[in-house]
>>> print(open('protein_0.pdb').read())   # PDB, C-alpha atoms
ATOM      1  CA  MET A 257       4.638 157.428  97.889
ATOM      2  CA  ASN A 258       1.181 157.730  96.368
ATOM      3  CA  MET A 259      -1.054 160.794  96.635
ATOM      4  CA  LYS A 260      -4.399 159.210  95.798
ATOM      5  CA  GLN A 261      -7.183 161.332  94.380
ATOM      6  CA  SER A 262     -10.791 160.426  93.603
ATOM      7  CA  LYS A 263     -10.022 160.777  89.919
ATOM      8  CA  VAL A 264      -6.396 160.734  88.807
ATOM      9  CA  LYS A 265      -5.464 162.722  85.702
ATOM     10  CA  PHE A 266      -1.669 162.656  86.053
ATOM     11  CA  SER A 267       0.657 159.969  87.385
ATOM     12  CA  ILE A 268       3.966 161.596  88.345
ATOM     13  CA  ILE A 269       6.765 159.036  88.070
ATOM     14  CA  ILE A 270      10.157 159.611  89.711
ATOM     15  CA  PRO A 271      12.938 156.993  89.407
ATOM     16  CA  VAL A 272      15.473 157.096  92.262
ATOM     17  CA  ARG A 273      18.418 155.158  93.597
ATOM     18  CA  VAL A 274      18.715 156.845  96.990
ATOM     19  CA  GLU A 275      16.586 159.359  98.864
ATOM     20  CA  THR A 276      18.301 162.746  98.677
ATOM     21  CA  ASP A 277      17.537 166.271  99.835
ATOM     22  CA  TYR A 278      16.661 167.063  96.232
ATOM     23  CA  LEU A 279      14.025 164.305  96.212
ATOM     24  CA  ARG A 280      12.523 165.624  99.422
ATOM     25  CA  GLU A 281      12.393 169.067  97.819
ATOM     26  CA  THR A 282      10.665 167.580  94.755
ATOM     27  CA  LEU A 283       7.976 165.919  96.877
ATOM     28  CA  THR A 284       7.428 169.070  98.910
ATOM     29  CA  GLN A 285       6.954 171.176  95.786
ATOM     30  CA  LEU A 286       4.579 168.607  94.273
ATOM     31  CA  GLN A 287       2.306 169.003  97.289
ATOM     32  CA  LYS A 288       1.928 172.680  96.312
ATOM     33  CA  GLN A 289       0.582 171.959  92.823
ATOM     34  CA  SER A 290      -2.431 174.121  91.935
ATOM     35  CA  PHE A 291      -3.908 171.193  89.956
ATOM     36  CA  LYS A 292      -4.790 168.448  92.429
ATOM     37  CA  SER A 293      -5.786 165.426  90.338
ATOM     38  CA  PHE A 294      -2.525 163.488  90.455
ATOM     39  CA  GLU A 295      -0.632 160.690  92.149
ATOM     40  CA  VAL A 296       3.094 160.418  92.821
ATOM     41  CA  LEU A 297       5.015 157.178  92.262
ATOM     42  CA  VAL A 298       8.602 157.077  93.534
ATOM     43  CA  ILE A 299      10.249 153.965  92.071
ATOM     44  CA  THR A 300      13.355 152.780  93.925
ATOM     45  CA  ASP A 301      15.934 150.067  93.270
ATOM     46  CA  LYS A 302      14.180 147.932  95.865
ATOM     47  CA  ILE A 303      10.806 148.213  94.154
ATOM     48  CA  SER A 304      12.057 147.681  90.605
ATOM     49  CA  LYS A 305      14.954 145.310  91.340
ATOM     50  CA  SER A 306      16.918 147.390  88.827
ATOM     51  CA  ALA A 307      19.133 150.472  88.776
ATOM     52  CA  SER A 308      17.876 151.452  85.314
ATOM     53  CA  PRO A 309      15.802 154.681  85.222
ATOM     54  CA  ALA A 310      14.007 153.398  82.103
ATOM     55  CA  THR A 311      13.002 150.176  83.870
ATOM     56  CA  LYS A 312      11.782 152.179  86.852
ATOM     57  CA  ARG A 313       9.716 154.511  84.661
ATOM     58  CA  ASN A 314       8.159 151.568  82.832
ATOM     59  CA  LEU A 315       7.249 149.939  86.139
ATOM     60  CA  GLY A 316       5.777 153.217  87.344
ATOM     61  CA  ALA A 317       3.689 153.390  84.183
ATOM     62  CA  LYS A 318       2.319 149.886  84.849
ATOM     63  CA  MET A 319       1.441 150.826  88.425
ATOM     64  CA  SER A 320      -0.087 154.166  87.464
ATOM     65  CA  LYS A 321      -3.786 155.081  87.498
ATOM     66  CA  GLY A 322      -3.560 158.363  85.628
ATOM     67  CA  GLU A 323      -4.509 159.256  82.085
ATOM     68  CA  TYR A 324      -1.130 160.936  81.575
ATOM     69  CA  LEU A 325       2.338 159.935  82.749
ATOM     70  CA  ALA A 326       4.305 162.918  84.053
ATOM     71  CA  PHE A 327       8.026 162.172  84.122
ATOM     72  CA  ILE A 328      10.353 164.249  86.270
ATOM     73  CA  ASP A 329      13.786 163.581  87.790
ATOM     74  CA  ASP A 330      14.592 163.434  91.478
ATOM     75  CA  ASP A 331      16.959 166.432  91.199
ATOM     76  CA  SER A 332      14.178 168.616  89.781
ATOM     77  CA  TYR A 333      11.013 170.262  91.032
ATOM     78  CA  PRO A 334       8.024 171.712  89.160
ATOM     79  CA  ASP A 335       6.542 175.166  88.982
ATOM     80  CA  ILE A 336       3.366 175.406  91.079
ATOM     81  CA  ASN A 337       1.238 175.493  87.896
ATOM     82  CA  TRP A 338       3.129 172.691  86.108
ATOM     83  CA  LEU A 339       0.205 170.281  85.875
ATOM     84  CA  LYS A 340      -2.415 173.026  85.532
ATOM     85  CA  ASN A 341      -0.666 174.421  82.460
ATOM     86  CA  ALA A 342      -0.024 170.965  81.031
ATOM     87  CA  ASN A 343      -3.691 170.083  81.427
ATOM     88  CA  LYS A 344      -4.676 173.286  79.634
ATOM     89  CA  GLN A 345      -2.534 172.391  76.617
ATOM     90  CA  LEU A 346      -3.719 168.772  76.537
ATOM     91  CA  ALA A 347      -7.423 169.625  76.730
ATOM     92  CA  ASP A 348      -9.226 168.806  73.488
ATOM     93  CA  ALA A 349      -5.933 168.138  71.662
ATOM     94  CA  PRO A 350      -6.116 164.571  70.286
ATOM     95  CA  HIS A 351      -3.175 165.245  67.959
ATOM     96  CA  LEU A 352      -0.867 165.583  70.978
ATOM     97  CA  CYS A 353       0.818 162.512  72.437
ATOM     98  CA  ALA A 354       2.879 164.531  74.905
ATOM     99  CA  VAL A 355       3.737 167.971  76.231
ATOM    100  CA  CYS A 356       6.951 169.340  77.686
ATOM    101  CA  GLY A 357       8.507 172.624  78.714
ATOM    102  CA  PRO A 358      11.623 174.471  79.852
ATOM    103  CA  CYS A 359      14.035 173.060  82.438
ATOM    104  CA  LEU A 360      15.278 176.124  84.312
ATOM    105  CA  THR A 361      18.162 176.561  86.730
ATOM    106  CA  PRO A 362      16.821 176.939  90.298
ATOM    107  CA  PRO A 363      17.524 180.369  91.803
ATOM    108  CA  GLY A 364      18.975 178.670  94.890
ATOM    109  CA  ASP A 365      21.743 176.833  93.010
ATOM    110  CA  ASN A 366      25.316 177.875  93.810
ATOM    111  CA  ILE A 367      27.504 179.876  91.405
ATOM    112  CA  PHE A 368      29.117 176.753  89.943
ATOM    113  CA  GLN A 369      25.711 175.217  89.234
ATOM    114  CA  LYS A 370      24.428 178.479  87.783
ATOM    115  CA  ALA A 371      27.449 178.612  85.476
ATOM    116  CA  SER A 372      26.619 175.116  84.241
ATOM    117  CA  GLY A 373      23.008 176.153  83.711
ATOM    118  CA  LEU A 374      24.161 179.169  81.743
ATOM    119  CA  VAL A 375      26.217 176.931  79.448
ATOM    120  CA  TRP A 376      23.152 174.737  78.840
ATOM    121  CA  SER A 377      20.834 177.679  78.229
ATOM    122  CA  SER A 378      23.050 179.849  76.024
ATOM    123  CA  TYR A 379      22.807 179.497  72.272
ATOM    124  CA  LEU A 380      26.559 179.173  71.862
ATOM    125  CA  GLY A 381      26.931 176.818  74.810
ATOM    126  CA  SER A 382      24.302 174.354  73.628
ATOM    127  CA  GLY A 383      25.443 174.602  70.030
ATOM    128  CA  GLY A 384      21.998 175.804  69.069
ATOM    129  CA  ALA A 385      20.803 172.216  69.430
ATOM    130  CA  GLY A 386      18.504 172.778  72.340
ATOM    131  CA  SER A 387      18.911 176.091  74.133
ATOM    132  CA  TYR A 388      15.102 176.386  74.188
ATOM    133  CA  ARG A 389      15.027 173.390  76.534
ATOM    134  CA  ASN A 390      16.704 175.475  79.209
ATOM    135  CA  ASN A 391      15.017 178.802  78.500
ATOM    136  CA  ILE A 392      11.502 180.147  78.420
ATOM    137  CA  SER A 393      11.044 180.120  74.655
ATOM    138  CA  LYS A 394       8.118 180.282  72.258
ATOM    139  CA  LYS A 395       5.926 177.206  71.879
ATOM    140  CA  ARG A 396       6.831 174.701  69.179
ATOM    141  CA  PHE A 397       6.452 171.072  68.199
ATOM    142  CA  VAL A 398       9.482 168.901  68.996
ATOM    143  CA  ASP A 399      10.509 165.324  68.302
ATOM    144  CA  ASP A 400      13.081 164.853  71.072
ATOM    145  CA  TYR A 401      12.850 165.933  74.697
ATOM    146  CA  PRO A 402      14.404 164.806  77.998
ATOM    147  CA  SER A 403      12.337 162.973  80.582
ATOM    148  CA  VAL A 404      13.137 165.554  83.255
ATOM    149  CA  ASN A 405       9.987 167.370  82.079
ATOM    150  CA  LEU A 406       7.938 165.172  79.780
ATOM    151  CA  ILE A 407       4.213 164.382  80.137
ATOM    152  CA  VAL A 408       2.950 161.571  77.907
ATOM    153  CA  ASN A 409      -0.485 160.179  77.105
ATOM    154  CA  LYS A 410      -0.522 156.748  78.769
ATOM    155  CA  ILE A 411      -2.260 155.035  75.839
ATOM    156  CA  ASP A 412       0.346 156.347  73.401
ATOM    157  CA  PHE A 413       3.142 155.399  75.809
ATOM    158  CA  ASN A 414       1.875 151.822  75.929
ATOM    159  CA  ASN A 415       1.350 151.695  72.173
ATOM    160  CA  VAL A 416       5.081 152.227  71.571
ATOM    161  CA  GLY A 417       6.126 149.832  74.340
ATOM    162  CA  GLY A 418       7.312 152.441  76.830
ATOM    163  CA  PHE A 419      10.977 153.282  77.361
ATOM    164  CA  ASN A 420      13.778 151.320  75.748
ATOM    165  CA  THR A 421      15.566 149.781  78.741
ATOM    166  CA  HIS A 422      18.883 149.202  76.946
ATOM    167  CA  HIS A 423      19.894 152.856  77.122
ATOM    168  CA  TRP A 424      20.558 155.556  79.693
ATOM    169  CA  PRO A 425      20.631 158.353  78.897
ATOM    170  CA  GLY A 426      18.867 158.356  75.547
ATOM    171  CA  GLU A 427      15.808 156.297  76.459
ATOM    172  CA  ASP A 428      13.750 159.486  76.243
ATOM    173  CA  THR A 429      15.119 160.237  72.764
ATOM    174  CA  ILE A 430      13.965 156.810  71.547
ATOM    175  CA  LEU A 431      10.552 157.210  73.201
ATOM    176  CA  CYS A 432       9.967 160.576  71.525
ATOM    177  CA  LEU A 433      11.144 159.230  68.176
ATOM    178  CA  ASP A 434       8.647 156.364  68.441
ATOM    179  CA  LEU A 435       5.792 158.647  69.501
ATOM    180  CA  VAL A 436       6.310 161.100  66.647
ATOM    181  CA  TYR A 437       7.451 158.880  63.776
ATOM    182  CA  LYS A 438       5.607 155.636  64.537
ATOM    183  CA  LEU A 439       2.348 157.017  65.884
ATOM    184  CA  LYS A 440       2.452 160.151  63.699
ATOM    185  CA  LYS A 441       1.460 162.330  66.639
ATOM    186  CA  GLN A 442       2.948 165.534  68.039
ATOM    187  CA  ILE A 443       4.852 166.630  71.132
ATOM    188  CA  LEU A 444       4.211 170.222  72.148
ATOM    189  CA  TYR A 445       6.832 172.315  73.929
ATOM    190  CA  HIS A 446       5.060 175.092  75.815
ATOM    191  CA  PRO A 447       6.874 177.751  77.883
ATOM    192  CA  SER A 448       4.327 177.587  80.717
ATOM    193  CA  ILE A 449       5.081 173.918  81.564
ATOM    194  CA  ARG A 450       8.114 174.655  83.718
ATOM    195  CA  VAL A 451      10.445 172.543  85.804
ATOM    196  CA  PHE A 452      13.511 173.648  87.771
ATOM    197  CA  HIS A 453      16.476 171.318  87.300
ATOM    198  CA  HIS A 454      19.476 171.429  89.634
ATOM    199  CA  ARG A 455      22.719 171.602  87.644
ATOM    200  CA  ARG A 456      26.067 169.884  88.121
ATOM    201  CA  ASN A 457      28.918 172.062  89.352
ATOM    202  CA  VAL A 458      31.417 173.221  86.763
ATOM    203  CA  ILE A 459      33.771 171.902  85.752
ATOM    204  CA  VAL A 460      34.342 168.236  86.683
ATOM    205  CA  PRO A 461      30.761 167.131  87.595
ATOM    206  CA  HIS A 462      29.477 169.116  84.604
ATOM    207  CA  LEU A 463      31.832 167.243  82.276
ATOM    208  CA  GLN A 464      31.003 163.902  83.890
ATOM    209  CA  GLN A 465      27.377 164.498  82.953
ATOM    210  CA  ILE A 466      28.406 165.626  79.465
ATOM    211  CA  THR A 467      30.253 162.299  79.064
ATOM    212  CA  ARG A 468      27.011 160.308  79.130
ATOM    213  CA  TYR A 469      25.151 162.676  76.837
ATOM    214  CA  ALA A 470      27.945 162.985  74.266
ATOM    215  CA  LEU A 471      28.613 159.258  73.954
ATOM    216  CA  HIS A 472      24.937 158.407  73.549
ATOM    217  CA  ARG A 473      24.151 161.262  71.181
ATOM    218  CA  GLY A 474      27.114 160.247  69.026
ATOM    219  CA  ASN A 475      25.969 156.637  68.993
ATOM    220  CA  PHE A 476      22.393 157.684  68.262
ATOM    221  CA  ALA A 477      23.552 159.869  65.367
ATOM    222  CA  ARG A 478      24.436 156.599  63.663
ATOM    223  CA  VAL A 479      21.681 154.351  65.030
ATOM    224  CA  TYR A 480      18.792 156.841  65.218
ATOM    225  CA  PRO A 481      19.735 159.540  62.679
ATOM    226  CA  GLN A 482      16.162 160.887  62.367
ATOM    227  CA  THR A 483      16.574 162.984  65.502
ATOM    228  CA  SER A 484      20.272 162.769  66.381
ATOM    229  CA  PHE A 485      22.199 163.302  63.126
ATOM    230  CA  ARG A 486      21.656 167.051  63.185
ATOM    231  CA  ILE A 487      23.987 169.958  62.653
ATOM    232  CA  GLY A 488      23.598 171.261  66.214
ATOM    233  CA  TYR A 489      24.969 167.989  67.597
ATOM    234  CA  LEU A 490      27.707 167.725  64.957
ATOM    235  CA  VAL A 491      29.222 171.204  65.337
ATOM    236  CA  PRO A 492      31.290 170.471  68.502
ATOM    237  CA  SER A 493      32.955 167.526  66.738
ATOM    238  CA  MET A 494      33.635 169.660  63.676
ATOM    239  CA  PHE A 495      35.157 172.305  65.945
ATOM    240  CA  SER A 496      37.334 169.714  67.709
ATOM    241  CA  VAL A 497      38.629 168.338  64.392
ATOM    242  CA  TYR A 498      39.286 171.895  63.211
ATOM    243  CA  LEU A 499      41.411 172.587  66.313
ATOM    244  CA  LEU A 500      43.481 169.453  65.659
ATOM    245  CA  ILE A 501      44.072 170.520  62.059
ATOM    246  CA  LEU A 502      44.995 173.997  63.270
ATOM    247  CA  ILE A 503      47.490 172.665  65.814
ATOM    248  CA  PHE A 504      49.259 170.177  63.548
ATOM    249  CA  PHE A 505      49.037 171.598  60.024
ATOM    250  CA  HIS A 506      48.600 175.400  60.239
ATOM    251  CA  PRO A 507      46.746 175.747  56.910
ATOM    252  CA  PRO A 508      46.405 179.217  55.320
ATOM    253  CA  PHE A 509      43.677 181.425  56.824
ATOM    254  CA  ALA A 510      43.138 178.731  59.463
ATOM    255  CA  PHE A 511      42.854 181.232  62.296
ATOM    256  CA  ILE A 512      39.781 182.978  60.878
ATOM    257  CA  PRO A 513      37.273 180.451  62.341
ATOM    258  CA  LEU A 514      39.081 180.547  65.694
ATOM    259  CA  ILE A 515      38.968 184.343  65.794
ATOM    260  CA  THR A 516      35.261 184.174  64.940
ATOM    261  CA  TYR A 517      34.679 181.679  67.747
ATOM    262  CA  LEU A 518      36.557 183.798  70.291
ATOM    263  CA  THR A 519      34.512 186.801  69.183
ATOM    264  CA  LEU A 520      31.297 184.849  69.780
ATOM    265  CA  LEU A 521      32.587 183.869  73.231
ATOM    266  CA  THR A 522      33.245 187.520  74.024
ATOM    267  CA  VAL A 523      29.776 188.476  72.806
ATOM    268  CA  SER A 524      28.313 185.715  74.985
ATOM    269  CA  LEU A 525      30.167 187.012  78.045
ATOM    270  CA  ILE A 526      28.864 190.532  77.437
ATOM    271  CA  SER A 527      25.360 189.125  76.896
ATOM    272  CA  PHE A 528      25.488 187.181  80.193
ATOM    273  CA  ILE A 529      26.470 190.283  82.133
ATOM    274  CA  ALA A 530      23.857 192.370  80.299
ATOM    275  CA  LYS A 531      21.225 189.853  81.430
ATOM    276  CA  ARG A 532      22.328 190.548  84.998
ATOM    277  CA  TYR A 533      24.165 187.338  85.700
ATOM    278  CA  SER A 534      26.969 187.967  88.160
ATOM    279  CA  PRO A 535      30.444 188.570  86.661
ATOM    280  CA  VAL A 536      31.755 185.414  88.362
ATOM    281  CA  VAL A 537      28.975 183.192  86.983
ATOM    282  CA  SER A 538      29.301 184.824  83.551
ATOM    283  CA  LEU A 539      33.070 184.274  83.454
ATOM    284  CA  LEU A 540      32.813 180.676  84.694
ATOM    285  CA  ALA A 541      30.230 179.896  82.009
ATOM    286  CA  THR A 542      32.310 181.546  79.285
ATOM    287  CA  ILE A 543      35.369 179.503  80.257
ATOM    288  CA  THR A 544      33.319 176.302  80.451
ATOM    289  CA  ILE A 545      31.736 176.673  76.988
ATOM    290  CA  PRO A 546      34.853 175.883  74.870
ATOM    291  CA  ILE A 547      35.928 173.130  77.274
ATOM    292  CA  THR A 548      32.454 171.600  76.930
ATOM    293  CA  HIS A 549      32.525 171.872  73.132
ATOM    294  CA  VAL A 550      35.870 170.122  72.743
ATOM    295  CA  TYR A 551      35.085 167.458  75.326
ATOM    296  CA  TYR A 552      31.623 166.790  73.881
ATOM    297  CA  GLY A 553      32.964 166.847  70.325
ATOM    298  CA  ILE A 554      35.587 164.185  70.954
ATOM    299  CA  LEU A 555      33.231 161.908  72.888
ATOM    300  CA  PHE A 556      30.526 162.315  70.239
ATOM    301  CA  ILE A 557      32.946 160.861  67.668
ATOM    302  CA  ILE A 558      33.833 157.998  70.030
ATOM    303  CA  GLY A 559      30.135 157.282  70.559
ATOM    304  CA  PHE A 560      29.453 157.401  66.822
ATOM    305  CA  CYS A 561      32.169 154.809  66.212
ATOM    306  CA  SER A 562      31.107 152.555  69.095
ATOM    307  CA  PRO A 563      29.073 149.516  67.975
ATOM    308  CA  LYS A 564      27.171 149.410  71.261
ATOM    309  CA  LEU A 565      26.932 151.396  74.489
ATOM    310  CA  ASN A 566      26.146 149.484  77.647
ATOM    311  CA  PHE A 567      23.976 150.887  80.424
ATOM    312  CA  VAL A 568      25.996 152.084  83.408
ATOM    313  CA  ALA A 569      24.000 153.170  86.453
ATOM    314  CA  HIS A 570      24.792 156.110  88.700
ATOM    315  CA  LYS A 571      27.102 155.114  91.514
ATOM    316  CA  VAL A 572      25.756 156.088  94.914
ATOM    317  CA  ASP A 573      27.182 156.891  98.317
ATOM    318  CA  SER A 574      24.452 155.291 100.422
ATOM    319  CA  GLN A 575      25.959 156.576 103.671
ATOM    320  CA  ASN A 576      25.841 160.225 102.597
ATOM    321  CA  GLN A 577      22.766 159.751 100.388
ATOM    322  CA  GLN A 578      24.451 161.201  97.311
ATOM    323  CA  TYR A 579      24.952 160.280  93.676
ATOM    324  CA  LEU A 580      28.533 160.044  92.443
ATOM    325  CA  GLY A 581      29.979 160.763  89.046
ATOM    326  CA  GLY A 582      28.144 163.854  87.890
TER     327      GLY A 582
END
>>> encode(input="protein_0.pdb", output="structure tokens")
Amino acid sequence: MNMKQSKVKFSIIIPVRVETDYLRETLTQLQKQSFKSFEVLVITDKISKSASPATKRNLGAKMSKGEYLAFIDDDSYPDINWLKNANKQLADAPHLCAVCGPCLTPPGDNIFQKASGLVWSSYLGSGGAGSYRNNISKKRFVDDYPSVNLIVNKIDFNNVGGFNTHHWPGEDTILCLDLVYKLKKQILYHPSIRVFHHRRNVIVPHLQQITRYALHRGNFARVYPQTSFRIGYLVPSMFSVYLLILIFFHPPFAFIPLITYLTLLTVSLISFIAKRYSPVVSLLATITIPITHVYYGILFIIGFCSPKLNFVAHKVDSQNQQYLGG
């Protein structure tokens, strides 16, 4: 699909494997954009001859006519002023190579999806490593941001060779690292550049998604430590090791950290309810947070110790037009 304009400012690139209801929602919402100078490129397996999202995005970049490449996922849709607000931040800002913004949970998601979104957006749930990515937070410069809501200057994108096609997820982490540390430019997170990102249901699909992120972040902590060997990503592994020590050795005063953690969980639950999340969603999120931490922590260690992670594409149910595996 290509919405041609007389002068294209943004090329919106969406990699897909199958056409889903979410994709149709994305395209419908894009038609409502208040800023009209854009084109939309939906890159399928058939077009790219590859299941790799990174390969699809690179092909979309080559086909594009815009000055900026706007990356969004097919299970996400933008705020009506997404491009308008991005354009405002990019205007007369040569120091910027990219802009990004919050990925919010859609109001229409079910309670299990909203619980997952609450885990991602809460400070305790995300380990403090990126809660701003899933909240409307103050503007800041960042050096790592997911491609679900990332708008990049096309010249800068080409100067670093586009996305690394050997990884998924994580190709966006490498791209941002190259943009900031090789080109010495900046990526601006601005709260007005908003996208709504459908979440995976808790608990199994949520953890299936966590599997990919944890393994790659662990591997990147060793291979790309500039942006991945950070305390926020390490804490879940430290917590998991602590629990093993607690279970098998019972050292003196060992329960103090656990009591502190359970207190923080209780505070989080109260905070969720105070923010007017439903009791069911709040409780589901609170239960999911420690499960996520332990699961992520163990897989992070496995990823760190793995010499290489191979790309594994989403499996699809072509008959029902659905992705499988979280």
>>> resolve_selection(input="protein_0.pdb", expression="the PyMOL selection byres ((chain A and resi 396) around 9)", output="NGL selection string")
:A and (393-395 or 397-398 or 443-446)
>>> residues_around(input="protein_0.pdb", residues="stretch 519-527 of chain A", least_positions_apart="6", cutoff="8 Å", atoms="only C-alpha atoms", output="list in words")
Ser378, Leu380, Ser538, Leu539 and Thr542 of chain A
>>> write_last_selection(input="protein_0.pdb", atoms="C-alpha atoms", output="PDB file, keeping the file's coordinate frame")
ATOM      1  CA  SER A 378      23.050 179.849  76.024  1.00  0.00           C
ATOM      2  CA  LEU A 380      26.559 179.173  71.862  1.00  0.00           C
ATOM      3  CA  SER A 538      29.301 184.824  83.551  1.00  0.00           C
ATOM      4  CA  LEU A 539      33.070 184.274  83.454  1.00  0.00           C
ATOM      5  CA  THR A 542      32.310 181.546  79.285  1.00  0.00           C
TER       6      THR A 542
END
>>> closest_residue(input="protein_0.pdb", among="A:Pro363, A:Pro350, A:Gly381, A:Pro271", to="A:Ala541", atoms="all atoms listed in the file")
A:Gly381
>>> closest_residue(input="protein_0.pdb", among="A:Ile392, A:Ile558, A:Val404, A:Ile268", to="A:Gln289", atoms="all atoms listed in the file")
A:Ile268
>>> atom_distance(input="protein_0.pdb", atom1="atom CA of A:Cys561", atom2="atom CA of A:Pro402")
23.5 Å
>>> residues_around(input="protein_0.pdb", residues="stretch 330-347 of chain A", least_positions_apart="4", cutoff="6 Å", atoms="all atoms listed in the file", output="PDB file with C-alpha atoms, in the frame of the given file")
ATOM      1  CA  TYR A 278      16.661 167.063  96.232  1.00  0.00           C
ATOM      2  CA  LEU A 279      14.025 164.305  96.212  1.00  0.00           C
ATOM      3  CA  THR A 282      10.665 167.580  94.755  1.00  0.00           C
ATOM      4  CA  GLN A 289       0.582 171.959  92.823  1.00  0.00           C
ATOM      5  CA  SER A 290      -2.431 174.121  91.935  1.00  0.00           C
ATOM      6  CA  PHE A 291      -3.908 171.193  89.956  1.00  0.00           C
ATOM      7  CA  ILE A 449       5.081 173.918  81.564  1.00  0.00           C
ATOM      8  CA  ARG A 450       8.114 174.655  83.718  1.00  0.00           C
ATOM      9  CA  VAL A 451      10.445 172.543  85.804  1.00  0.00           C
ATOM     10  CA  PHE A 452      13.511 173.648  87.771  1.00  0.00           C
ATOM     11  CA  HIS A 453      16.476 171.318  87.300  1.00  0.00           C
ATOM     12  CA  HIS A 454      19.476 171.429  89.634  1.00  0.00           C
TER      13      HIS A 454
END
>>> closest_residue(input="protein_0.pdb", among="A:Ile487, A:His462, A:Ala371, A:His472", to="A:Val568", atoms="all atoms listed in the file")
A:His472
>>> resolve_selection(input="protein_0.pdb", expression="the PyMOL selection byres ((chain A and resi 460) around 12)", output="PyMOL selection string")
chain A and resi 368-369+372+456-459+461-467+544+547-548+551+580-582
>>> write_last_selection(input="protein_0.pdb", atoms="C-alpha atoms", output="PDB file, keeping the file's coordinate frame")
ATOM      1  CA  PHE A 368      29.117 176.753  89.943  1.00  0.00           C
ATOM      2  CA  GLN A 369      25.711 175.217  89.234  1.00  0.00           C
ATOM      3  CA  SER A 372      26.619 175.116  84.241  1.00  0.00           C
ATOM      4  CA  ARG A 456      26.067 169.884  88.121  1.00  0.00           C
ATOM      5  CA  ASN A 457      28.918 172.062  89.352  1.00  0.00           C
ATOM      6  CA  VAL A 458      31.417 173.221  86.763  1.00  0.00           C
ATOM      7  CA  ILE A 459      33.771 171.902  85.752  1.00  0.00           C
ATOM      8  CA  PRO A 461      30.761 167.131  87.595  1.00  0.00           C
ATOM      9  CA  HIS A 462      29.477 169.116  84.604  1.00  0.00           C
ATOM     10  CA  LEU A 463      31.832 167.243  82.276  1.00  0.00           C
ATOM     11  CA  GLN A 464      31.003 163.902  83.890  1.00  0.00           C
ATOM     12  CA  GLN A 465      27.377 164.498  82.953  1.00  0.00           C
ATOM     13  CA  ILE A 466      28.406 165.626  79.465  1.00  0.00           C
ATOM     14  CA  THR A 467      30.253 162.299  79.064  1.00  0.00           C
ATOM     15  CA  THR A 544      33.319 176.302  80.451  1.00  0.00           C
ATOM     16  CA  ILE A 547      35.928 173.130  77.274  1.00  0.00           C
ATOM     17  CA  THR A 548      32.454 171.600  76.930  1.00  0.00           C
ATOM     18  CA  TYR A 551      35.085 167.458  75.326  1.00  0.00           C
ATOM     19  CA  LEU A 580      28.533 160.044  92.443  1.00  0.00           C
ATOM     20  CA  GLY A 581      29.979 160.763  89.046  1.00  0.00           C
ATOM     21  CA  GLY A 582      28.144 163.854  87.890  1.00  0.00           C
TER      22      GLY A 582
END
>>> atom_distance(input="protein_0.pdb", atom1="atom CA of A:His423", atom2="atom CA of A:Ala477")
14.2 Å
>>> atom_distance(input="protein_0.pdb", atom1="atom CA of A:Thr311", atom2="atom CA of A:Ser267")
16.1 Å
>>> resolve_selection(input="protein_0.pdb", expression="the PyMOL selection byres ((chain A and resi 473) around 10)", output="MDAnalysis selection string")
chainID A and resid 425:426 429 468:472 474:481 483:485 489:490 552 555:557 559:560
>>> closest_residue(input="protein_0.pdb", among="A:Lys410, A:Lys441, A:His506, A:Lys292", to="A:Ala326", atoms="all atoms listed in the file")
A:Lys410
>>> residues_around(input="protein_0.pdb", residues="A:Ile411", least_positions_apart="4", cutoff="12 Å", atoms="only C-alpha atoms", output="PyMOL selection string")
chain A and resi 317-318+320-325+350+352-354+415-418+435+439
>>> closest_residue(input="protein_0.pdb", among="A:Asp400, A:Glu295, A:Asp365, A:Asp301", to="A:Val274", atoms="all atoms listed in the file")
A:Asp301
>>> residues_around(input="protein_0.pdb", residues="A:Val298", least_positions_apart="4", cutoff="9 Å", atoms="all atoms listed in the file", output="VMD selection string")
chain A and resid 257 to 258 268 to 272 312 316 330
>>> closest_residue(input="protein_0.pdb", among="A:Ile543, A:Met494, A:Val436, A:Ile430", to="A:Asp412", atoms="only C-alpha atoms")
A:Val436
>>> decode(input="protein_0.pdb", residues="stretch 463-486 of chain A", atoms="C-alpha atoms", output="compact mmCIF listing (two decimals), in the first residue's frame")
# COMPACT_ATOMS: atom_id res chain seq x y z
CA LEU A 463 6.15 -14.65 28.76
CA GLN A 464 6.64 -15.92 25.21
CA GLN A 465 7.34 -12.34 24.17
CA ILE A 466 9.61 -11.85 27.18
CA THR A 467 11.61 -14.90 26.03
CA ARG A 468 12.82 -13.11 22.90
CA TYR A 469 13.61 -9.87 24.68
CA ALA A 470 15.43 -11.47 27.61
CA LEU A 471 17.64 -13.74 25.51
CA HIS A 472 18.68 -10.93 23.18
CA ARG A 473 19.19 -8.35 25.90
CA GLY A 474 21.36 -10.83 27.80
CA ASN A 475 23.39 -11.56 24.69
CA PHE A 476 23.68 -7.86 23.89
CA ALA A 477 24.87 -7.12 27.42
CA ARG A 478 28.00 -9.02 26.43
CA VAL A 479 28.23 -8.08 22.75
CA TYR A 480 26.92 -4.49 22.87
CA PRO A 481 27.56 -3.40 26.48
CA GLN A 482 27.33 0.34 25.68
CA THR A 483 23.54 0.24 25.85
CA SER A 484 22.67 -3.20 27.23
CA PHE A 485 25.01 -3.81 30.19
CA ARG A 486 22.99 -1.58 32.49
